[in-house]
Every structure is written in C-alpha cells, then in structure tokens.
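Source file: input-v7.txt. Holds: compact mmCIF, C-alpha atoms.
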```txt
# COMPACT_ATOMS: atom_id res chain seq x y z
CA MET A 1 82.87 118.88 150.89
CA ILE A 2 82.77 115.18 151.67
CA GLU A 3 85.63 113.96 153.84
CA LEU A 4 87.58 111.60 151.65
CA ASN A 5 89.35 108.62 153.11
CA PRO A 6 93.15 109.10 152.86
CA MET A 7 93.37 105.66 151.21
CA VAL A 8 90.96 106.79 148.50
CA ILE A 9 93.07 109.85 147.86
CA PHE A 10 96.17 107.65 147.79
CA PHE A 11 94.82 105.42 145.01
CA ALA A 12 93.27 108.31 143.15
CA ALA A 13 96.63 110.09 143.10
CA ILE A 14 98.23 107.02 141.54
CA PHE A 15 95.64 106.15 138.92
CA THR A 16 92.95 108.68 138.19
CA ASN A 17 94.70 111.91 139.11
CA ASN A 18 98.19 110.87 138.14
CA MET A 19 100.69 113.72 138.38
CA ILE A 20 101.93 113.28 134.84
CA PHE A 21 98.89 112.08 132.95
CA SER A 22 96.30 114.44 134.31
CA ASN A 23 98.16 117.30 135.98
CA PHE A 24 101.27 117.54 133.79
CA LEU A 25 103.57 118.06 136.76
CA GLY A 26 107.25 117.21 136.77
CA MET A 27 107.38 116.94 132.99
CA CYS A 28 110.88 118.36 132.57
CA SER A 29 112.75 115.62 134.39
CA TYR A 30 110.16 113.11 133.18
CA ILE A 31 111.24 113.66 129.58
CA ALA A 32 114.94 114.18 130.35
CA VAL A 33 115.65 111.25 132.69
CA SER A 34 113.57 108.51 131.11
CA LYS A 35 116.13 106.81 128.91
CA GLU A 36 117.00 103.87 131.18
CA ILE A 37 114.80 101.97 133.63
CA PRO A 38 117.26 101.91 136.60
CA THR A 39 117.86 105.67 136.54
CA ALA A 40 114.16 106.33 136.12
CA LEU A 41 113.41 104.10 139.09
CA GLY A 42 116.07 105.82 141.19
CA LEU A 43 114.72 109.27 140.42
CA GLY A 44 111.18 108.07 141.10
CA GLN A 45 112.14 106.78 144.54
CA ALA A 46 113.95 110.00 145.39
CA VAL A 47 110.96 112.06 144.26
CA THR A 48 108.53 109.95 146.28
CA PHE A 49 110.62 110.27 149.42
CA VAL A 50 111.17 114.01 149.11
CA LEU A 51 107.53 114.53 148.17
CA ALA A 52 106.27 112.77 151.29
CA CYS A 53 108.65 114.64 153.62
CA THR A 54 108.27 118.11 152.14
CA THR A 55 104.50 117.85 152.00
CA ILE A 56 104.42 117.09 155.74
CA ILE A 57 106.80 119.97 156.48
CA ASN A 58 104.86 122.38 154.30
CA TYR A 59 101.57 121.30 155.85
CA LEU A 60 102.85 122.01 159.35
CA VAL A 61 104.48 125.28 158.34
CA TYR A 62 101.39 126.50 156.50
CA TYR A 63 98.77 125.68 159.10
CA TYR A 64 100.79 126.37 162.24
CA VAL A 65 102.92 129.33 161.19
CA LEU A 66 101.55 131.10 158.14
CA VAL A 67 97.82 130.88 158.84
CA PRO A 68 97.98 132.18 162.45
CA LEU A 69 100.14 135.06 161.26
CA ASN A 70 97.89 135.83 158.25
CA LEU A 71 100.82 135.42 155.89
CA GLU A 72 99.20 132.95 153.48
CA TYR A 73 100.34 135.00 150.49
CA LEU A 74 103.95 134.22 151.34
CA ARG A 75 103.36 130.51 150.80
CA PHE A 76 105.17 130.32 147.44
CA ILE A 77 108.40 131.66 148.91
CA VAL A 78 108.14 129.63 152.09
CA PHE A 79 107.35 126.39 150.26
CA ILE A 80 110.18 126.71 147.78
CA ILE A 81 112.64 127.56 150.55
CA SER A 82 111.56 124.63 152.69
CA ILE A 83 111.84 122.28 149.69
CA ALA A 84 115.29 123.57 148.78
CA ALA A 85 116.46 123.46 152.38
CA PHE A 86 115.13 119.94 152.88
CA VAL A 87 116.78 118.63 149.73
CA GLN A 88 120.07 120.23 150.72
CA LEU A 89 119.86 118.77 154.21
CA LEU A 90 118.91 115.36 152.88
CA GLU A 91 121.85 115.42 150.51
CA MET A 92 124.25 116.13 153.36
CA VAL A 93 122.76 113.51 155.69
CA VAL A 94 122.69 110.82 153.04
CA GLU A 95 126.23 111.59 151.98
CA ARG A 96 127.47 111.37 155.56
CA TYR A 97 125.61 108.28 156.81
CA LEU A 98 124.43 106.29 153.82
CA PRO A 99 127.15 106.51 151.16
CA ASN A 100 125.65 103.66 149.13
CA LEU A 101 122.33 105.39 148.87
CA TYR A 102 124.14 108.61 148.08
CA TYR A 103 125.78 107.09 145.04
CA ALA A 104 122.44 105.72 143.89
CA LEU A 105 120.36 108.84 144.46
CA GLY A 106 122.92 111.60 144.82
CA ILE A 107 122.88 112.88 141.29
CA PHE A 108 119.10 113.23 141.33
CA LEU A 109 118.81 115.26 144.48
CA PRO A 110 119.66 118.69 143.00
CA LEU A 111 117.24 117.97 140.15
CA ILE A 112 114.42 117.51 142.60
CA THR A 113 114.34 121.08 143.90
CA VAL A 114 113.16 122.31 140.54
CA ASN A 115 110.78 119.42 139.93
CA CYS A 116 107.42 121.10 139.75
CA ALA A 117 105.65 118.00 141.05
CA ILE A 118 107.04 118.71 144.52
CA LEU A 119 105.82 122.29 144.72
CA GLY A 120 102.65 121.33 142.86
CA VAL A 121 101.62 118.74 145.43
CA SER A 122 102.07 121.24 148.25
CA LEU A 123 99.96 123.80 146.39
CA PHE A 124 97.24 121.27 145.54
CA MET A 125 97.13 120.28 149.19
CA ILE A 126 96.34 123.89 150.15
CA ILE A 127 93.86 124.51 147.34
CA ARG A 128 91.92 121.30 147.97
CA LYS A 129 92.00 121.87 151.75
CA TYR A 130 93.27 118.41 152.65
CA ASN A 131 93.72 117.54 156.32
CA PHE A 132 96.94 116.05 157.64
CA LEU A 133 96.26 112.36 156.88
CA GLN A 134 94.79 113.18 153.49
CA SER A 135 97.90 115.18 152.64
CA ILE A 136 100.13 112.24 153.51
CA GLY A 137 98.04 109.88 151.38
CA PHE A 138 98.02 112.37 148.54
CA SER A 139 101.77 113.00 148.59
CA ILE A 140 102.83 109.35 148.74
CA GLY A 141 100.27 108.40 146.10
CA SER A 142 101.46 111.19 143.82
CA GLY A 143 105.05 110.08 144.22
CA ILE A 144 104.24 106.46 143.39
CA GLY A 145 102.10 107.55 140.46
CA TRP A 146 104.94 109.68 139.15
CA THR A 147 107.41 106.79 139.52
CA LEU A 148 105.02 104.47 137.72
CA ALA A 149 104.76 106.89 134.81
CA ILE A 150 108.49 107.52 134.42
CA VAL A 151 109.42 103.83 134.70
CA ALA A 152 106.78 102.90 132.14
CA LEU A 153 108.06 105.53 129.73
CA ALA A 154 111.69 104.45 130.27
CA GLY A 155 110.73 100.84 129.52
CA ILE A 156 109.04 101.80 126.28
CA ARG A 157 111.88 104.10 125.25
CA GLN A 158 114.44 101.32 125.74
CA LYS A 159 112.49 99.20 123.27
CA LEU A 160 112.18 102.13 120.90
CA LYS A 161 115.92 102.38 120.42
CA ARG A 162 115.71 99.87 117.60
CA ALA A 163 112.59 101.35 116.03
CA SER A 164 112.82 103.68 113.07
CA ILE A 165 111.25 106.97 114.04
CA PRO A 166 110.72 109.93 111.71
CA LYS A 167 113.70 112.21 112.16
CA GLY A 168 111.87 115.22 113.51
CA LEU A 169 110.11 113.15 116.14
CA GLU A 170 113.17 111.61 117.75
CA GLY A 171 113.70 112.27 121.44
CA ALA A 172 111.12 114.54 123.00
CA GLY A 173 108.51 114.25 120.26
CA ILE A 174 108.09 110.51 120.44
CA SER A 175 108.18 110.59 124.25
CA LEU A 176 105.27 113.00 124.22
CA ILE A 177 103.28 110.82 121.85
CA ILE A 178 103.91 107.76 124.03
CA THR A 179 102.88 109.76 127.07
CA GLY A 180 99.72 110.78 125.27
CA LEU A 181 98.90 107.14 124.55
CA MET A 182 99.60 106.15 128.15
CA ALA A 183 97.42 109.03 129.32
CA LEU A 184 94.63 107.67 127.11
CA ALA A 185 95.02 104.31 128.81
CA PHE A 186 94.89 105.94 132.21
CA VAL A 187 91.65 107.69 131.26
CA GLY A 188 90.20 104.20 131.52
CA PHE A 189 90.70 104.33 135.29
CA SER A 190 88.79 107.55 135.65
CA GLY A 191 85.49 105.99 136.64
CA ILE A 192 86.91 104.20 139.69
CA VAL A 193 87.51 107.04 142.11
CA GLN A 194 87.27 110.76 141.66
CA ILE A 195 88.89 113.48 143.67
CA GLN A 196 88.92 117.11 142.83
CA MET B 197 126.36 143.36 122.12
CA ASP B 198 123.20 141.70 120.91
CA SER B 199 120.66 143.80 119.11
CA PRO B 200 117.07 143.63 120.41
CA LYS B 201 115.96 142.21 117.08
CA LYS B 202 118.38 139.32 117.37
CA ILE B 203 117.32 138.65 120.95
CA PHE B 204 113.68 138.39 119.93
CA LYS B 205 114.52 136.17 116.99
CA MET B 206 116.46 133.83 119.27
CA GLY B 207 113.80 133.73 122.00
CA VAL B 208 110.80 133.28 119.76
CA ILE B 209 112.07 131.13 116.91
CA LYS B 210 115.57 129.72 117.08
CA ASP B 211 115.75 128.97 120.79
CA ASN B 212 112.06 128.75 121.52
CA PRO B 213 111.94 127.46 125.09
CA VAL B 214 109.07 125.02 124.61
CA ILE B 215 109.63 123.44 121.21
CA VAL B 216 113.40 123.63 120.87
CA GLN B 217 114.68 123.36 124.42
CA ILE B 218 111.71 121.33 125.72
CA ILE B 219 111.54 123.19 129.02
CA GLY B 220 108.64 124.66 130.90
CA ILE B 221 106.19 122.27 129.35
CA CYS B 222 104.29 121.37 132.52
CA SER B 223 102.22 124.50 132.51
CA ALA B 224 102.29 124.68 128.73
CA LEU B 225 100.19 121.53 128.69
CA ALA B 226 98.02 122.15 131.70
CA VAL B 227 96.43 125.49 130.92
CA THR B 228 95.94 125.12 127.18
CA ASN B 229 92.35 123.88 127.07
CA LEU B 230 91.13 127.49 126.72
CA MET B 231 92.79 130.32 124.82
CA MET B 232 92.00 132.92 127.48
CA ASN B 233 93.76 130.86 130.17
CA SER B 234 96.79 130.41 127.96
CA LEU B 235 96.98 134.11 127.17
CA ILE B 236 96.83 135.12 130.84
CA MET B 237 99.37 132.46 131.75
CA GLY B 238 101.67 133.60 128.95
CA VAL B 239 101.43 137.26 129.92
CA GLY B 240 102.08 136.35 133.56
CA LEU B 241 105.13 134.35 132.56
CA MET B 242 106.44 137.11 130.33
CA PHE B 243 106.09 139.57 133.20
CA VAL B 244 107.94 137.29 135.61
CA THR B 245 110.69 136.26 133.17
CA GLY B 246 111.36 139.80 132.02
CA LEU B 247 111.46 141.40 135.44
CA SER B 248 113.32 138.61 137.17
CA SER B 249 115.98 138.60 134.44
CA PHE B 250 116.20 142.36 134.87
CA THR B 251 116.62 142.10 138.64
CA VAL B 252 119.07 139.21 138.51
CA SER B 253 121.17 141.13 136.02
CA LEU B 254 120.97 144.31 138.10
CA ILE B 255 122.48 142.66 141.16
CA ARG B 256 124.66 140.17 139.29
CA ASN B 257 127.89 141.80 140.42
CA TYR B 258 126.92 141.80 144.09
CA THR B 259 125.58 138.24 144.35
CA PRO B 260 128.01 135.72 145.84
CA LYS B 261 128.47 132.94 143.33
CA HIS B 262 127.47 129.90 145.31
CA ILE B 263 124.20 131.27 146.67
CA ARG B 264 123.06 132.78 143.38
CA MET B 265 120.51 130.01 142.73
CA MET B 266 118.80 130.74 146.02
CA VAL B 267 118.79 134.46 145.27
CA GLN B 268 117.33 133.85 141.83
CA VAL B 269 114.58 131.64 143.21
CA LEU B 270 113.65 134.27 145.79
CA ILE B 271 113.49 137.01 143.16
CA ILE B 272 111.32 134.84 140.93
CA ALA B 273 109.05 133.88 143.82
CA ALA B 274 108.54 137.53 144.72
CA TYR B 275 107.36 138.38 141.20
CA VAL B 276 105.14 135.31 141.07
CA ILE B 277 103.45 136.44 144.27
CA ILE B 278 102.71 139.78 142.61
CA VAL B 279 101.11 137.99 139.65
CA ASP B 280 99.12 135.71 141.95
CA ILE B 281 97.77 138.56 144.11
CA PHE B 282 96.95 140.60 141.02
CA LEU B 283 94.94 137.72 139.55
CA GLN B 284 93.13 137.10 142.82
CA ALA B 285 92.17 140.75 143.08
CA TYR B 286 91.16 141.55 139.50
CA MET B 287 90.37 138.20 137.89
CA PRO B 288 89.18 135.86 140.65
CA GLU B 289 87.60 133.50 138.10
CA MET B 290 90.84 133.18 136.17
CA SER B 291 92.80 132.71 139.36
CA LYS B 292 90.56 129.75 140.23
CA ALA B 293 90.84 128.24 136.77
CA LEU B 294 94.62 128.42 136.71
CA GLY B 295 94.80 127.06 140.27
CA PRO B 296 98.25 125.95 141.35
CA TYR B 297 99.79 126.62 137.95
CA VAL B 298 100.33 130.30 138.74
CA GLY B 299 102.46 129.30 141.71
CA LEU B 300 104.22 126.76 139.56
CA ILE B 301 105.65 129.56 137.42
CA ILE B 302 108.38 129.58 140.11
CA THR B 303 109.59 126.15 139.11
CA ASN B 304 109.17 126.86 135.43
CA CYS B 305 112.63 126.12 134.10
CA ILE B 306 112.40 128.87 131.47
CA ILE B 307 112.81 131.62 134.04
CA MET B 308 115.67 129.98 135.91
CA GLY B 309 117.23 129.06 132.59
CA ARG B 310 117.20 132.60 131.26
CA ALA B 311 118.40 134.03 134.56
CA GLU B 312 121.27 131.56 134.67
CA ALA B 313 122.20 131.53 130.98
CA TYR B 314 121.71 135.15 130.01
CA ALA B 315 121.04 137.59 132.84
CA GLN B 316 124.12 136.46 134.79
CA GLN B 317 126.43 137.88 132.10
CA ASN B 318 124.50 140.70 130.44
CA PRO B 319 123.36 144.23 131.31
CA PRO B 320 119.85 144.74 132.76
CA ILE B 321 118.01 146.18 129.76
CA LEU B 322 119.16 143.42 127.40
CA SER B 323 118.34 140.78 130.01
CA PHE B 324 114.87 142.21 130.35
CA LEU B 325 114.33 142.00 126.59
CA ASP B 326 115.73 138.48 126.54
CA GLY B 327 113.33 137.41 129.28
CA VAL B 328 110.37 138.96 127.49
CA ALA B 329 111.42 137.31 124.22
CA SER B 330 111.55 133.86 125.81
CA GLY B 331 108.21 134.51 127.47
CA LEU B 332 106.79 135.54 124.12
CA GLY B 333 108.05 132.35 122.49
CA TYR B 334 106.37 130.36 125.25
CA THR B 335 103.11 132.30 124.90
CA ILE B 336 102.98 131.76 121.14
CA VAL B 337 103.34 127.99 121.50
CA LEU B 338 100.71 127.97 124.25
CA LEU B 339 98.28 129.89 122.06
CA MET B 340 98.87 127.55 119.13
CA ILE B 341 98.04 124.50 121.24
CA ALA B 342 95.11 126.24 122.90
CA PHE B 343 93.72 127.37 119.56
CA VAL B 344 93.38 123.80 118.31
CA ARG B 345 92.15 122.43 121.63
CA GLU B 346 89.52 125.10 122.17
CA LEU B 347 88.37 125.15 118.55
CA PHE B 348 87.77 121.41 118.37
CA GLY B 349 86.96 120.81 122.02
CA PHE B 350 84.38 123.56 122.54
CA GLY B 351 83.86 125.02 119.06
CA THR B 352 84.89 128.45 120.36
CA ILE B 353 87.87 130.84 120.20
CA PHE B 354 88.40 133.12 123.20
CA GLY B 355 84.92 132.04 124.32
CA ILE B 356 83.24 133.25 121.11
CA LYS B 357 81.32 130.63 119.18
CA VAL B 358 82.99 130.01 115.86
CA LEU B 359 81.73 126.64 114.79
CA GLY B 360 77.93 126.52 114.77
CA ASP B 361 75.56 124.19 116.61
CA TRP B 362 76.15 121.46 114.06
CA TRP B 363 79.62 120.91 115.52
CA THR B 364 80.02 117.95 117.83
CA PRO B 365 82.77 118.84 120.33
CA TRP B 366 85.66 116.42 120.47
CA THR B 367 85.86 115.56 124.14
CA ILE B 368 89.35 114.15 123.65
CA MET B 369 90.62 117.65 122.88
CA ILE B 370 89.86 118.94 126.36
CA MET B 371 91.32 115.84 128.01
CA PRO B 372 95.05 115.62 128.83
CA PRO B 373 96.14 113.17 126.06
CA ALA B 374 95.35 115.69 123.31
CA ALA B 375 97.76 118.19 124.85
CA PHE B 376 100.58 115.65 124.59
CA PHE B 377 99.75 114.80 120.99
CA LEU B 378 99.50 118.42 119.88
CA LEU B 379 102.76 119.43 121.50
CA ALA B 380 104.45 116.44 119.87
CA ILE B 381 103.09 117.47 116.48
CA ILE B 382 104.27 121.06 116.92
CA ILE B 383 107.75 119.85 117.88
CA TRP B 384 107.77 117.52 114.89
CA VAL B 385 106.83 120.27 112.44
CA SER B 386 109.31 122.76 113.84
CA ASN B 387 112.14 120.19 113.86
CA THR B 388 111.46 119.31 110.26
CA ILE B 389 111.46 122.96 109.21
CA GLN B 390 114.67 123.71 111.08
CA GLU B 391 116.33 120.62 109.62
CA LYS B 392 115.42 121.81 106.14
CA ASN B 393 116.79 125.30 106.79
CA LYS B 394 120.05 123.75 107.96
CA ASP B 395 120.30 121.63 104.82
CA VAL B 396 119.72 124.67 102.62
CA LYS B 397 122.44 126.59 104.40
CA LYS B 398 124.87 123.68 104.18
CA GLY B 399 124.18 123.37 100.45
CA GLU B 400 125.05 127.04 99.95
CA VAL B 401 128.36 126.63 101.70
CA ALA B 402 129.22 123.55 99.64
CA LYS B 403 128.65 125.41 96.41
```
Spell out the structure here as structure tokens.
Amino acid sequence: MIELNPMVIFFAAIFTNNMIFSNFLGMCSYIAVSKEIPTALGLGQAVTFVLACTTIINYLVYYYVLVPLNLEYLRFIVFIISIAAFVQLLEMVVERYLPNLYYALGIFLPLITVNCAILGVSLFMIIRKYNFLQSIGFSIGSGIGWTLAIVALAGIRQKLKRASIPKGLEGAGISLIITGLMALAFVGFSGIVQIQ
Amino acid sequence: MDSPKKIFKMGVIKDNPVIVQIIGICSALAVTNLMMNSLIMGVGLMFVTGLSSFTVSLIRNYTPKHIRMMVQVLIIAAYVIIVDIFLQAYMPEMSKALGPYVGLIITNCIIMGRAEAYAQQNPPILSFLDGVASGLGYTIVLLMIAFVRELFGFGTIFGIKVLGDWWTPWTIMIMPPAAFFLLAIIIWVSNTIQEKNKDVKKGEVAK
C-alpha cells in the first residue's frame, strides 16, 4: 500500500470520500437536524471536534492496549465506551468552564454518541490501516465534510419551505432526493484524489 | 398483551423502522448494491435486535434506571461481536465486503430504539418477537432497494444473470446517489398508500 500524505487523506475525506455522500454515515441526525442553518452548523462543529478527539483516543487505545493484548475483537465495545465516556466528560467540562459554548452545543452532545459517523471513522481507520497522522487528517476531514453536507442540506431545506412538494415526499423524502442530487454533484470530484 | 401477529404487523408494515420512522438508514443505503450483502446484513441485524431486546427485557427489573443506556449499548455490542466473528470465520469474503458496516450495527438506532421503546416494559419473549419483527421490516426494505440496484446496475439477482448480454449496466445504480433516490421513492410510495388508507378509514367513521 502506498503511504498517503495526511493532507491528501484530509481533502479526500471532505470531497471524494465524503461521510454522507459516499459512505452514508451519520444519516440519522443528518436528516433530523437539518432544518435550520445555525443548528446544523452547531451540530457539525460538535461532531468535528468529537470526531477528532475520539479518533485519536481510539487510535492510541487500539494500537497500544488492544493489539499487544491480542484483544482486537473487543474493539467494538471499547470504541463505543470510549466515545460515550468522552462525550460525557466533554459535556461536564464544557458545562463547568465554558457555559456559553455549552448553551450552543449542549443539546447536541448526547446525540453525538449514537452518531454512526463517529464510530464509523474509528472503524475505517482500523480497516484501512492508517498511521497516526493519517488518522488525524482523516478524522478532521471527515468532520468538515460532514458539516459541509449538513449545512448545505439545511440551506436548501430553508428555501424549500415555500415550495410545494408532493404530500408523500415532505420531510425525509425530499431531503433524501436533495442528498442524492448533491451526491451526484460530489461524484464530479471523484477524479481528483482517491483513497480506499 | 400484544399478540405475535400484531407485533409483526407493526414492525414490518405500520411502524417499519426504515420507511416510517426513518431510522437506521445509514447501513440501509450502504450495503444495498448487492442483494446478497443486504440479506446477510438484514439477517445479522435481525439476530442482534431480537436477542438484545430479549436480554434487555430479561434484566429490565434489575437495571438501574440512569445507567440503562450504557447497559443496552454493551449488550448490543456483545451480540454484534458475535455476528462479526461469525462472518469472519465462515464468510470472510462477505465480512470484507460489508467492512465497517457490521460494527456499525451497534449505532443502528433501530436496536436502541426497540430496546428503549419496547423491551424496557415488556416480557422477554414478546420483546424478542418485536425485535425480530423490526429487523424483518428493515431487511425487506433493504432487499427492495438492493433488488432494483443490482438488477439495473449489474443485470443480476443474487449473483445470477437475469438480464442477458444485451443489457448495458447503469453505473449510476451502483453509485451512492441511486441509493438516496430509491429510498426516497420507497418512502414516497409508502406514505401515499398509508395516507390513502387513513382517508378510507376516516370516511367510514364519517358515514
């Protein structure tokens, strides 16, 4: 396998291998929390931050604890615990020291534990055998890519409020169609860089 | 007491997790380019949902209330590990194709949702059936999407050639956008049908 530059992975994670448009990760909150741009942006920032931190933690735990002990098969449990614990800890710290930030991000934090993008990035990191720097590039890129997608969808949905949509398509249906169209647009990036 | 028939009707049709509640769609979209993948994924999910609902319900009276989420996640993760190891041992090819999505069953909201909404209040056997019913509803939707994507994208069904050599595969069908469009169409159709049923019922009452 060719050693990829972390920067390449970073941009690939935003554009060509976007979490939403090519890996379908984090769809639940993507559809549910994309009605307004500010909330979408807030959730995106929280996801990016948690993603970067948990990926680093999981990397260290996996390669320095689980691999030496031959306990790789426990990775699902360990990853989900470390994500849940980190989010809980973050919530307490932010509430105590940064009340402003807490009011902005607080409501999203519990949502993040069950966001499959977070666990997904950790699992992709293991499957694709990224090294430490590559993992950091991948996690931050994925977070930014995810934010980009949810903010774009929220922007379009705000405009759609005044559109007349067939009754059965309202809500989730139309969001999925818009996402499909955006995914088609993102296919246009696919020649630039490729990671797999 | 809910009868098993009613539970299945709720899980598969009325409260179908994917098209009515719009949850658990990450993996629903990701694995549906081949029917075989979708089937394995669906069976895996049914196994995990059924057994984790069963276990959650079994210990529901002994679980302290405020750590129940954590307990549920651990139970689910344990079953997912079983599925993952089973796939690695007996179907290594499939395990590779599904990649991280097997592990992502843990964060599939369907399982947590059923554990929280149903298994917390109901006896084990019924919870098990409820979990299996939701899993079945999920599997059926997955197979519907996969059927269209595989048929048009590769000209095959379960890997068997159906459309002859004259068929030009639609590359779009195996790319991500098609998954979004197809799911949207399925949701549209099911919403329209349910809306109609509601109208019919309302009309009867009015008479």
Taking all atoms listed in the file into account, find every residue of chain B that has an atom no more than 9 Å from chain A, and write it out as a PyMOL selection string. chain B and resi 218-226+266+269-270+273-274+276-277+280-281+295-297+299-305+371-389+391
Between CA of Thr55 (chain A) and CA of Gly137 (chain A), distance in Å (one decimal):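 Computing it gives 10.3 Å between the two atoms.
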Atomic separation - CA of Leu230 (chain B) relative to CA of Ile353 (chain B), Å: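 Spanning CA of Ile353 (chain B) to CA of Leu230 (chain B) is a straight-line distance of 8.0 Å.
For the atom pair formed by CA of Val267 (chain B) and CA of Gly143 (chain A), the distance is 28.0 Å, given to one decimal.
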Restricting the calculation to all atoms listed in the file, which member of B:Met290, B:Ala311, B:Val279, B:Leu339 is positioned closest to Ser323 (chain B)?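 Checking each candidate against Ser323 (chain B), we get B:Ala311 as the closest.
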Pick out the residues sitting within 10 Å of Trp146 (chain A), and hand them over as a JSON list (two decimals) with C-alpha atoms, in the coordinates of the input; count only C-alpha atoms, and ignore anything fewer than 5 positions along from it in its own chain.
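Resulting contents of result.json:
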```
[["chain", "number", "residue", "atom", "x", "y", "z"],
["A", 13, "ALA", "CA", 96.63, 110.09, 143.10],
["A", 14, "ILE", "CA", 98.23, 107.02, 141.54],
["A", 15, "PHE", "CA", 95.64, 106.15, 138.92],
["A", 18, "ASN", "CA", 98.19, 110.87, 138.14],
["A", 19, "MET", "CA", 100.69, 113.72, 138.38],
["A", 20, "ILE", "CA", 101.93, 113.28, 134.84],
["A", 21, "PHE", "CA", 98.89, 112.08, 132.95],
["A", 25, "LEU", "CA", 103.57, 118.06, 136.76],
["A", 26, "GLY", "CA", 107.25, 117.21, 136.77],
["A", 27, "MET", "CA", 107.38, 116.94, 132.99],
["A", 30, "TYR", "CA", 110.16, 113.11, 133.18],
["A", 43, "LEU", "CA", 114.72, 109.27, 140.42],
["A", 44, "GLY", "CA", 111.18, 108.07, 141.10],
["A", 45, "GLN", "CA", 112.14, 106.78, 144.54],
["A", 47, "VAL", "CA", 110.96, 112.06, 144.26],
["A", 48, "THR", "CA", 108.53, 109.95, 146.28],
["A", 117, "ALA", "CA", 105.65, 118.00, 141.05],
["A", 140, "ILE", "CA", 102.83, 109.35, 148.74],
["A", 141, "GLY", "CA", 100.27, 108.40, 146.10],
["A", 151, "VAL", "CA", 109.42, 103.83, 134.70],
["A", 152, "ALA", "CA", 106.78, 102.90, 132.14]]
```
Enumerate, as a PyMOL selection string, the protein, DNA and RNA residues whose atoms approach (122.5, 113.0, 150.2) to within 12 Å, taking into account all atoms listed in the file and the coordinate frame of the file. chain A and resi 46+50+86-110+112
Hey, can you spit out that residue selection with C-alpha atoms as a compact mmCIF listing (two decimals), keeping the file's coordinate frame?
```txt
# COMPACT_ATOMS: atom_id res chain seq x y z
CA ALA A 46 113.95 110.00 145.39
CA VAL A 50 111.17 114.01 149.11
CA PHE A 86 115.13 119.94 152.88
CA VAL A 87 116.78 118.63 149.73
CA GLN A 88 120.07 120.23 150.72
CA LEU A 89 119.86 118.77 154.21
CA LEU A 90 118.91 115.36 152.88
CA GLU A 91 121.85 115.42 150.51
CA MET A 92 124.25 116.13 153.36
CA VAL A 93 122.76 113.51 155.69
CA VAL A 94 122.69 110.82 153.04
CA GLU A 95 126.23 111.59 151.98
CA ARG A 96 127.47 111.37 155.56
CA TYR A 97 125.61 108.28 156.81
CA LEU A 98 124.43 106.29 153.82
CA PRO A 99 127.15 106.51 151.16
CA ASN A 100 125.65 103.66 149.13
CA LEU A 101 122.33 105.39 148.87
CA TYR A 102 124.14 108.61 148.08
CA TYR A 103 125.78 107.09 145.04
CA ALA A 104 122.44 105.72 143.89
CA LEU A 105 120.36 108.84 144.46
CA GLY A 106 122.92 111.60 144.82
CA ILE A 107 122.88 112.88 141.29
CA PHE A 108 119.10 113.23 141.33
CA LEU A 109 118.81 115.26 144.48
CA PRO A 110 119.66 118.69 143.00
CA ILE A 112 114.42 117.51 142.60
```
